[in-house]
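The next block holds one structure in the form of structure tokens; read it before the comments.
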Amino acid sequence: MAPLILCEDLWKIYRIGDVEVPALRGINLTIDRGEFVAVMGTSGSGKSTLMNLLGCLDQPSRGRYHLDGLDVSTAKPDLLADLRNRQIGFVFQNFNLIPRTSALENAQLPLFYRGVSIKEQRRQAAAALQRVGLAGREQHYPAQLSGGQQQRVAIARALVGAPSILFADEPTGNLDTASSREIMDILEHLNREDGITIILVTHEPDIAAYASRELVMKDGQIVQDVRRAPHLSAVT
Amino acid sequence: MPAFVLLTVMTALRILHRNRLRAGLTMLGIVIGVGAVIAMVSIGQGARAAVQAQVASMGTNVIVIMPGSTTVSGVRGGQGGAVTLTINDAAELKKRSPLLSDTGWAKRDVMQIVNGNRNWNGPVNGVSPSYLTIRDWSFTSGGPFTQADMESAARVALIGQTTLENLFDPGEEAMGATIRIKNVPFHIVGVLAPKGQSAQGTDQDDVIFIPFTTAERKVFGSQFLGSVGALFASTEQSADLPEAVEHIRETLRARHRLGPDQADDFTIRTQVDIGKVQEGTSQTLTVMLFAIASVSLLVGGIGIMNILLVSVTERTKEIGVRMAVGAKRVHILTQFLIEAMTLSLFGGLIGVIVGIAGAQLTTIIAGWPTMISVDAILTAFLFSLAVGLFFGLYPANKAARLNPIEALRYE
């Protein structure tokens, strides 16, 4: 079976005025189903750019990107939107919930664009909220929830469409230690029990330690790719 | 798609509710535009209906022939000033033109009319019995005078509603009563049914009809016997009117011995002409109000576009999130279009209410007749929707073309 993610000589070049600034310089990467990958690196190393490409939010300047066997490097915006809707879930550092909209409605959002009946949207969103431990908070607005709870709503939103990959961009960057642990435990559980592939961008080593594979980026290239035994600190 | 549209409409309503003041101000232009359209059409249609009723009150397919003006030493006497039309003209017209179903004549003067201790200055008309049929007068009691009354110059009178109210106490029986016109006693043999205002705005019910011969010999004291104030004729079909007018013109010119280079010494007008003048006036009004309505809708549309552009900027991050979870361009486009159309639709709805209220108020305050038109309401409504669609397109498209990454990063 084809790997979930296959990148061949992936380049991303930004043009600022007349100057070409390469953000990614020839990335070759394979990620299999069920992996838990942490992407590390200093700011400006290209890790966000790589996330955007892998997450189908952006397209490479050069090279090939196969997602689940499908070459998406030259896909049309609508196909990318469809892939994001069905294959991918995002968790952001600043949660990015829609304000003044209930937790349930936030969690419904991907299904909203899938043409699912309203009743079914609500049922699945409520189930997703329950999975992240927010049963009973369906009608709360983001402003009424703590940071950790907001991030859990965001995870529920990422989960609700049953994606194969979950991208988490500094998911604990705005959270205290206790909330960070909760969020990482949820992600680890999703990876281990539900087999969801997780790609985590972080610059905190103790967060990266949850992953079974660590990529280190520098100047638009992957300079280190280490696999290791699953981290068990969360279990013990 | 239906679930998507339904939820989007709900979201749009919630956003509008949250920004009530802003939405209200934005809608104002549409409200005024739609309100103006509805009020204007109601007033226009009311006016037209009133004109039609007035024109219809003249009778059916009526032709009016007025004498021309006299010029004595350079002083022009105005229309009807000359005494160029006679009873014989009427008789001749009927004989010559097969298109004319009937001809009649009338002569009027304002006279003192007395009943007991009450008096009234009102128009008294000496008319031929045929005049009453041509003008379609009907009666609430009694009936018209006859040809025999005409030949014997009988002192009988028909009384209009306004004159009746001024000469008789409420409940007092007018039929059979005797009134005096210029001290000549007349017997009332018929009470006329009301006709209301004429197309020229005069009260047609302020009237007394007496036989023409009686008027000529006993009341008016005519200088030239047989001269009339106006001739009336009618045709069976309204399509015959133009041809009948030509017949009348030729006949009268021949009888009056007018040379080819001499102008007519009479004026012919048909019911259709009179109606047209009135409609022309109300059309001018309609065009003006339509211009106002168009400008309001345009301004309203620009207001909607403006507020939507603000909204797109304010919600850039939300748009980014929606795109990240899989919203396609068409979804974002639809969302903002629905918001624009919800705004304009609400504006239209309020405008309809304002328009109807405005029309009613016009009737109450100015006393103008108005007619609420369902067509106008539907048209204005669809128009406001179209305004929302048209002016929402640019901001919605702008939102749909945002780059998801930049939108997500927007602070």
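Quick note on naming: the chains in the structure tokens go A, B, ... in the order shown, residues restart at 1 in each chain, and ligands are numbered from 1 in order of appearance.
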
TODO: Give as a ChimeraX atom specification every residue of chain B that touches chain A within 8 Å, counting only C-alpha atoms.
DONE: /B:1-4,317-318,321-329,331,404-405

Limited to C-alpha atoms, could you put the picked residues into a file as a short mmCIF file (atom, residue, chain, number, x, y, z; two decimals), in the first residue's frame?
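Contents of result-v3.cif, freshly written:
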```cif
data_model
loop_
_atom_site.label_atom_id
_atom_site.label_comp_id
_atom_site.auth_asym_id
_atom_site.auth_seq_id
_atom_site.Cartn_x
_atom_site.Cartn_y
_atom_site.Cartn_z
CA MET B 1 -26.62 21.60 -0.06
CA PRO B 2 -30.03 22.27 1.59
CA ALA B 3 -28.57 21.73 5.07
CA PHE B 4 -25.72 24.05 4.15
CA LYS B 317 -9.62 34.72 10.22
CA GLU B 318 -13.00 33.00 10.37
CA VAL B 321 -10.70 28.60 9.51
CA ARG B 322 -13.66 27.69 7.33
CA MET B 323 -11.33 27.12 4.39
CA ALA B 324 -8.98 25.02 6.53
CA VAL B 325 -11.80 22.65 7.48
CA GLY B 326 -12.81 22.25 3.87
CA ALA B 327 -15.01 25.16 2.75
CA LYS B 328 -14.76 25.55 -1.01
CA ARG B 329 -14.82 28.93 -2.70
CA HIS B 331 -19.29 27.90 0.10
CA PRO B 404 -6.34 30.22 3.32
CA ILE B 405 -2.89 30.60 4.89
#
```

- [ ] Identify, with DSSP run on backbone atoms, the residues in region 160-288 of chain B assigned to strand (DSSP E or B), and express the list as a count of residues only.
- [x] 31

Open item on the list: Using only C-alpha atoms, which protein or nucleic acid residues come within 12 Å of region 11-26 of chain A? Drop anything in the same chain fewer than 2 positions from it, and give the result as number ranges by chain.
Closed with: A: 7-9, 28-29, 43-54, 58-65, 73, 217-223

Residues of the last selection are to be written out with C-alpha atoms, as a short mmCIF file (atom, residue, chain, number, x, y, z; two decimals), in the first residue's frame.
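Listing of part_39.cif after writing:
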```cif
data_model
loop_
_atom_site.label_atom_id
_atom_site.label_comp_id
_atom_site.auth_asym_id
_atom_site.auth_seq_id
_atom_site.Cartn_x
_atom_site.Cartn_y
_atom_site.Cartn_z
CA CYS A 7 7.21 13.95 -0.75
CA GLU A 8 9.74 14.02 -3.55
CA ASP A 9 12.14 16.95 -3.80
CA ASN A 28 12.05 14.10 0.63
CA LEU A 29 9.78 12.51 3.18
CA SER A 43 11.40 29.66 13.69
CA GLY A 44 12.15 30.28 10.04
CA SER A 45 13.37 26.73 9.57
CA GLY A 46 10.45 26.00 7.24
CA LYS A 47 8.38 23.78 9.51
CA SER A 48 5.22 25.87 9.15
CA THR A 49 5.64 25.98 5.40
CA LEU A 50 5.99 22.22 5.33
CA MET A 51 2.85 21.86 7.46
CA ASN A 52 0.91 24.10 5.10
CA LEU A 53 1.99 22.02 2.12
CA LEU A 54 1.29 18.68 3.79
CA ASP A 58 -0.67 25.56 0.02
CA GLN A 59 1.04 24.11 -3.03
CA PRO A 60 4.73 23.49 -3.70
CA SER A 61 6.71 25.54 -6.16
CA ARG A 62 8.46 22.41 -7.34
CA GLY A 63 8.44 18.71 -6.61
CA ARG A 64 5.73 16.14 -5.94
CA TYR A 65 3.48 15.53 -3.00
CA SER A 73 1.01 19.06 -6.04
CA MET A 217 14.36 21.12 10.20
CA LYS A 218 16.92 23.76 9.44
CA ASP A 219 17.03 26.25 6.58
CA GLY A 220 14.28 24.54 4.66
CA GLN A 221 15.69 21.06 4.88
CA ILE A 222 15.22 18.05 7.10
CA VAL A 223 18.49 17.65 8.91
#
```

Task: Surrounding residues of Phe36 (chain A) excluding itself and chain neighbours under 5 positions, 7 Å, only C-alpha atoms, as a VMD selection string - done: chain A and resid 191 197 to 199 211 to 213

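Atom pair CA of Thr146 (chain B) / CA of Pro129 (chain B): separated by 6.3 Å.
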
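Distance annotation: of A:Glu120, A:Glu35, A:Asn94, A:Asp185, the residue with the minimal separation from Gly133 (chain A) is A:Asp185; atom set is only C-alpha atoms.
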
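Nearest to Phe139 (chain B) of all the residues B:Gln161, B:Thr286, B:Thr84, B:Thr342 is B:Gln161, based on only C-alpha atoms.
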
Open item on the list: According to DSSP computed on the backbone, where in region 14-215 of chain A is there helix (DSSP H, G or I)? Give the residues as JSON, numbers by chain.
Closed with: {"A": [47, 48, 49, 50, 51, 52, 53, 54, 77, 78, 79, 80, 81, 82, 83, 84, 85, 86, 87, 103, 104, 105, 106, 107, 108, 109, 110, 111, 112, 118, 119, 120, 121, 122, 123, 124, 125, 126, 127, 128, 129, 130, 131, 142, 143, 144, 147, 148, 149, 150, 151, 152, 153, 154, 155, 156, 157, 158, 159, 177, 178, 179, 180, 181, 182, 183, 184, 185, 186, 187, 188, 189, 190, 191, 192, 193, 194, 205, 206, 207, 208]}

Task: region 37-41 of chain B environment, 12 Å, only C-alpha atoms, sequence neighbours closer than 5 positions dropped, as a ChimeraX atom specification - done: /B:30-32,46-49,282-297,348-363,368-381,383-384

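Distances from B:Ala193, B:Met305, B:Leu25, B:Ala399 to Ser57 (chain B) were compared using only C-alpha atoms, and the smallest one belongs to B:Ala193.
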
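Relative to CA of Phe346 (chain B), CA of Leu7 (chain B) is found at 17.7 Å.
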
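Shortest separation to Pro395 (chain B) among B:Pro144, B:Gly320, B:Gly35, B:Gly301 occurs at residue B:Gly301, atoms counted being only C-alpha atoms.
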
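In this model, the gap between CA of Phe186 (chain B) and CA of Asp102 (chain B) comes to 27.3 Å.
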
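Omitting Glu182 (chain A) and its sequence neighbours fewer than 4 positions away, and counting only C-alpha atoms, the residues within 8 Å are Gly148, Ala178 and Ile186 of chain A.
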
Could you dump the residues just selected with N, CA and C atoms as a short mmCIF file (atom, residue, chain, number, x, y, z; two decimals), in the first residue's frame?
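Written output follows (again_21.cif):
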```cif
data_model
loop_
_atom_site.label_atom_id
_atom_site.label_comp_id
_atom_site.auth_asym_id
_atom_site.auth_seq_id
_atom_site.Cartn_x
_atom_site.Cartn_y
_atom_site.Cartn_z
N GLY A 148 -7.53 25.26 27.63
CA GLY A 148 -7.45 23.82 27.40
C GLY A 148 -8.75 23.28 26.80
N ALA A 178 -0.49 21.89 32.83
CA ALA A 178 -1.53 20.88 33.07
C ALA A 178 -2.39 20.70 31.83
N ILE A 186 -4.68 13.42 24.95
CA ILE A 186 -5.75 13.16 23.99
C ILE A 186 -5.16 12.78 22.63
#
```
